[in-house]
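Peer 1: Sharing a structure with you now.
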Amino acid sequence: MMSRRDMAGHALSMGALVAGLGLAASPRGARAQVEFAPDPDDIWTRHGTLARAGGVLHYALLDAKTDIAAKRAPVVLLHKLGGWVADWRGVAPLLAQDRPVIAIDLPGHGQSRWNGTPPAVQTVEETAMLVRGALLELGRTLGFGHVHVAGTSLGGCVAVALAALCPELVGKLALPSCVLGAGTSWEAILEKEAKQARDGQFSAEGDPLPTDAALSKAVFHLDHAREIAAEQNASRRVAGHWIRPQERGVALTDFTRLMPRITAPTLLLYGARDTYFLAYRDEALGHLRQGRSIVLPDVSGFPVQDSPVRTGEALAAFLQD
């Protein structure tokens with residue numbers, strides 16, 4: 001098992017501040033094969049926005065398949081750093097067999113928009129409270145009192161804060177491919193960001209730069225590296241200056257203090273070919289009151305997008321238990 005110090009060092013050395021929340025740029029001297037995907041298919045029943053302090057949160061709703069399923073507590077899906085609700089489009093229809101599905105674009109991502117300049121740091125607790133406010137408003141409209149939450153990467157970190165701070169709201173919690181270690185220092189963050197700029201991952205102004213599929217495959221062992229990298233280039237371009245504040249917020253958070261406060265049954269989900277996120281499993285399980293884990297055989301480090309059917313089946317089974 002890794003120590004907390006080892007875990008923080010591992011996160012920084014991998015070239016992603018928080019567990020591959022954004023892909024690294026091409027190694028120097030390598031020929032980048034950078035692509036941007038077109039707009040993804042819209043699989044959702046309807047879209048909406050909810051005004052929050054300073055901006056609006058966009059959500060997408062997928063109706064349950066039957067009237068009985070429609071009466072069950074919905075599952076809320078939170079995407080990765082630099083992602084958007086479409087990251088879940090392969091998983092959502094499987095979950096909608098049994099309940100409504102709500103996917104939310106996190107602040108500054110997708111179609112969620114905030115006024116003014118992004119803050120230096122957007123903490124996971126701040127984002128979790130924005131999500132809470134949106135869910136309370138939706139609950140009054142749609143008629144639900146609590147939800148289940150599934151979040152990957154940044155979305156998983158926000159989900160942990162939400163479940164820890166609002167136990168009455170979260171029935172079950174699922175965390176595919178999420179780093180949940182101790183926080184790092186501000187000095188380490190600045191050092192990491194300087195290296196990001198030198199390596200061509202971000203511009204001098206803090207804009208994310210596109211990445212190539214070869215490195216995506218090398219780091220996360222993806223089956224569909226080209227498609228995922230191209231879509232991530234598109235979604236990260238939309239998120240723009242909001243990536244670093246969110247990334248910093250995750251890096252500064254000590255999740256080993258938040259996890260013991262979670263009362264909801266919690267599933268940690270990984271791909272067996274993952275060489276990154278799995279390193280955090282044992283420590284996370286040691287801090288969760290009702291934690292368990294599933295490792296999907298022959299699946300990469302991005303199960304939500306790379307193996308959506310198997311991920312959806314695993315999440316659906318967990319929600320039905």
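Going by the structure tokens order, chains are called A, B, ..., each with residues numbered from 1, while ligands are numbered from 1 in the order shown.
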Which residues in segment 91-321 of chain A does DSSP call helix (DSSP H, G or I)? List them as a tab-separated table (two decimals) with C-alpha atoms, in the first residue's frame.

Peer 2:
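After the write, states09.tsv holds the following:
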chain	number	residue	atom	x	y	z
A	92	ALA	CA	-26.41	6.64	-19.09
A	93	PRO	CA	-28.83	4.57	-21.22
A	94	LEU	CA	-27.96	1.44	-19.23
A	95	LEU	CA	-28.65	3.18	-15.93
A	124	VAL	CA	-14.28	20.57	-4.44
A	125	GLU	CA	-16.44	21.66	-1.50
A	126	GLU	CA	-17.54	24.81	-3.36
A	127	THR	CA	-18.42	22.81	-6.44
A	128	ALA	CA	-20.22	20.19	-4.36
A	129	MET	CA	-22.42	22.87	-2.80
A	130	LEU	CA	-23.28	24.27	-6.23
A	131	VAL	CA	-24.32	20.76	-7.27
A	132	ARG	CA	-26.30	20.37	-4.04
A	133	GLY	CA	-28.22	23.57	-4.70
A	134	ALA	CA	-29.00	22.46	-8.24
A	135	LEU	CA	-30.22	19.06	-7.05
A	136	LEU	CA	-32.45	20.55	-4.36
A	137	GLU	CA	-34.05	22.77	-6.99
A	138	LEU	CA	-34.45	19.87	-9.42
A	139	GLY	CA	-35.82	17.70	-6.63
A	140	ARG	CA	-38.63	20.15	-5.99
A	141	THR	CA	-39.48	20.17	-9.69
A	142	LEU	CA	-39.09	16.48	-10.46
A	154	LEU	CA	-12.84	15.45	-10.91
A	155	GLY	CA	-16.50	14.43	-10.78
A	156	GLY	CA	-15.66	11.70	-8.30
A	157	CYS	CA	-13.78	14.14	-6.09
A	158	VAL	CA	-16.79	16.48	-6.09
A	159	ALA	CA	-19.05	13.51	-5.36
A	160	VAL	CA	-16.95	12.58	-2.33
A	161	ALA	CA	-17.31	16.09	-0.93
A	162	LEU	CA	-21.05	16.05	-1.64
A	163	ALA	CA	-21.55	12.71	0.11
A	164	ALA	CA	-19.38	13.75	3.06
A	165	LEU	CA	-21.04	17.13	3.59
A	186	TRP	CA	0.80	24.95	-3.16
A	187	GLU	CA	4.50	24.94	-3.93
A	188	ALA	CA	4.24	21.50	-5.51
A	189	ILE	CA	1.28	22.67	-7.58
A	190	LEU	CA	3.18	25.66	-8.95
A	191	GLU	CA	6.18	23.47	-9.72
A	192	LYS	CA	3.94	21.04	-11.54
A	193	GLU	CA	2.26	23.80	-13.54
A	194	ALA	CA	5.64	25.20	-14.59
A	195	LYS	CA	6.53	21.77	-15.93
A	196	GLN	CA	3.18	21.58	-17.71
A	197	ALA	CA	3.99	24.82	-19.51
A	198	ARG	CA	7.48	23.62	-20.44
A	213	ALA	CA	-3.86	9.81	-29.05
A	214	ALA	CA	-0.55	7.96	-28.77
A	215	LEU	CA	0.20	9.31	-25.33
A	216	SER	CA	-3.39	8.79	-24.19
A	217	LYS	CA	-2.99	5.14	-25.06
A	218	ALA	CA	0.43	4.88	-23.43
A	219	VAL	CA	-0.67	6.40	-20.12
A	220	PHE	CA	-4.16	4.90	-19.75
A	225	ALA	CA	-7.52	6.18	-27.66
A	226	ARG	CA	-8.02	8.14	-30.86
A	227	GLU	CA	-11.70	8.82	-30.30
A	228	ILE	CA	-11.34	9.63	-26.60
A	229	ALA	CA	-8.34	11.92	-27.10
A	230	ALA	CA	-10.11	13.80	-29.90
A	231	GLU	CA	-13.22	14.33	-27.80
A	232	GLN	CA	-11.18	15.36	-24.78
A	233	ASN	CA	-9.38	17.94	-26.91
A	234	ALA	CA	-12.77	19.39	-27.79
A	235	SER	CA	-14.17	19.34	-24.25
A	236	ARG	CA	-10.99	20.73	-22.69
A	237	ARG	CA	-10.97	23.58	-25.19
A	238	VAL	CA	-14.48	24.47	-24.00
A	239	ALA	CA	-13.46	24.33	-20.32
A	240	GLY	CA	-10.42	26.52	-20.99
A	241	HIS	CA	-9.32	28.60	-18.00
A	242	TRP	CA	-11.59	26.63	-15.65
A	243	ILE	CA	-9.38	23.54	-15.76
A	244	ARG	CA	-6.56	24.79	-13.57
A	245	PRO	CA	-8.72	26.22	-10.75
A	246	GLN	CA	-10.60	22.92	-10.49
A	247	GLU	CA	-7.37	20.92	-10.73
A	248	ARG	CA	-5.81	22.98	-7.95
A	249	GLY	CA	-8.88	22.50	-5.79
A	250	VAL	CA	-8.57	18.74	-6.06
A	251	ALA	CA	-4.81	18.76	-5.46
A	255	PHE	CA	-9.63	13.22	0.80
A	256	THR	CA	-8.51	10.98	3.64
A	257	ARG	CA	-10.31	13.45	5.92
A	258	LEU	CA	-13.48	13.58	3.85
A	259	MET	CA	-13.96	9.87	3.20
A	260	PRO	CA	-14.52	8.79	6.84
A	261	ARG	CA	-17.49	11.19	6.96
A	277	PHE	CA	-5.88	4.89	-10.36
A	278	LEU	CA	-5.61	1.44	-8.80
A	279	ALA	CA	-2.68	2.63	-6.69
A	280	TYR	CA	-5.18	4.57	-4.56
A	281	ARG	CA	-7.67	1.78	-3.93
A	282	ASP	CA	-6.34	0.30	-0.69
A	283	GLU	CA	-5.97	3.64	1.07
A	284	ALA	CA	-9.44	4.73	-0.03
A	285	LEU	CA	-11.02	1.49	1.18
A	286	GLY	CA	-9.28	1.96	4.50
A	287	HIS	CA	-11.02	5.30	5.03
A	303	PRO	CA	-13.74	2.71	-18.03
A	304	VAL	CA	-16.55	5.27	-18.35
A	305	GLN	CA	-15.62	6.22	-21.92
A	306	ASP	CA	-13.53	3.25	-23.03
A	308	PRO	CA	-19.20	2.08	-21.17
A	309	VAL	CA	-21.32	-1.09	-21.39
A	310	ARG	CA	-19.33	-2.99	-18.78
A	311	THR	CA	-19.10	0.11	-16.61
A	312	GLY	CA	-22.84	0.72	-16.90
A	313	GLU	CA	-23.64	-2.87	-16.02
A	314	ALA	CA	-21.42	-2.73	-12.93
A	315	LEU	CA	-22.92	0.56	-11.77
A	316	ALA	CA	-26.48	-0.64	-12.40
A	317	ALA	CA	-25.87	-3.78	-10.33
A	318	PHE	CA	-24.45	-1.69	-7.48
A	319	LEU	CA	-27.44	0.64	-7.48
A	320	GLN	CA	-29.83	-2.33	-7.37

Peer 1: Counting only C-alpha atoms, which residue out of A:Pro100, A:Pro208, A:Gly110, A:Gly271 sits closest to Lys71 of chain A?

Peer 2: A:Pro100

Peer 1: Restricting the calculation to only C-alpha atoms, which member of A:Ala120, A:Ala86, A:Leu296, A:Ile68 is positioned closest to Asp98 of chain A?

Peer 2: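 Of all the options, A:Ile68 lies closest to Asp98 of chain A.
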
Peer 1: Got a sec: who's within 8 Å of Val295 of chain A, counting only C-alpha atoms, leaving out chain neighbours fewer than 2 positions off, as number ranges by chain?

Peer 2: A: 269-272, 293, 297

Peer 1: Could you write out that same residue set with N, CA and C atoms as a PDB file, in the first residue's frame?

Peer 2:
ATOM      1  N   LEU A 269     -14.505   1.706  -8.622  1.00  0.00           N
ATOM      2  CA  LEU A 269     -14.494   0.896  -9.838  1.00  0.00           C
ATOM      3  C   LEU A 269     -13.257   1.228 -10.673  1.00  0.00           C
ATOM      4  N   TYR A 270     -12.570   0.175 -11.136  1.00  0.00           N
ATOM      5  CA  TYR A 270     -11.330   0.344 -11.893  1.00  0.00           C
ATOM      6  C   TYR A 270     -11.291  -0.632 -13.066  1.00  0.00           C
ATOM      7  N   GLY A 271     -10.423  -0.320 -14.023  1.00  0.00           N
ATOM      8  CA  GLY A 271     -10.088  -1.262 -15.067  1.00  0.00           C
ATOM      9  C   GLY A 271      -8.811  -2.003 -14.704  1.00  0.00           C
ATOM     10  N   ALA A 272      -8.753  -3.277 -15.032  1.00  0.00           N
ATOM     11  CA  ALA A 272      -7.601  -4.088 -14.642  1.00  0.00           C
ATOM     12  C   ALA A 272      -6.311  -3.651 -15.330  1.00  0.00           C
ATOM     13  N   SER A 293     -14.797  -2.528  -3.789  1.00  0.00           N
ATOM     14  CA  SER A 293     -14.228  -2.208  -5.090  1.00  0.00           C
ATOM     15  C   SER A 293     -14.484  -3.320  -6.089  1.00  0.00           C
ATOM     16  N   PRO A 297     -12.070  -6.846 -15.611  1.00  0.00           N
ATOM     17  CA  PRO A 297     -10.992  -7.496 -16.357  1.00  0.00           C
ATOM     18  C   PRO A 297     -10.810  -6.890 -17.745  1.00  0.00           C
TER      19      PRO A 297
END

Peer 1: Can you tell me how far atom CA of Gln111 of chain A sits from atom CA of Leu61 of chain A, in Å to one decimal?

Peer 2: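 Answer for the atom CA of Gln111 of chain A to atom CA of Leu61 of chain A separation: 13.9 Å.
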
Peer 1: Let me make sure I understand: among A:Gly291, A:Asp63, A:Lys80, A:Val85, which one has the smallest atom-to-atom distance to Asp42 of chain A if we use only C-alpha atoms?

Peer 2: A:Val85

Peer 1: Smallest atom-to-atom distance to Trp114 of chain A: which of A:Val91, A:Leu81, A:Ala69, A:Ala51, using only C-alpha atoms?

Peer 2: A:Ala51

Peer 1: Of the candidates A:Ala70, A:Ala37, A:Leu57, A:Ala264, which shows the shortest atom-to-atom distance to Leu169 of chain A, using only C-alpha atoms?

Peer 2: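 Closest residue, counting only C-alpha atoms: A:Ala264.
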
Peer 1: For Gly116 of chain A, which residue out of A:Gly151, A:Gly90, A:Gly54, A:Gly83 is the nearest one, using only C-alpha atoms?

Peer 2: A:Gly54

Peer 1: DSSP says strand (DSSP E or B) for which residues of segment 63-282 of chain A? Put them as a ChimeraX atom specification?

Peer 2: /A:75-78,101-104,113-114,147-151,170-176,202,208,212,266-271

Peer 1: Could you please determine the separation between atom CA of Val299 of chain A and atom CA of Trp84 of chain A in Å, to one decimal place?

Peer 2: 21.8 Å
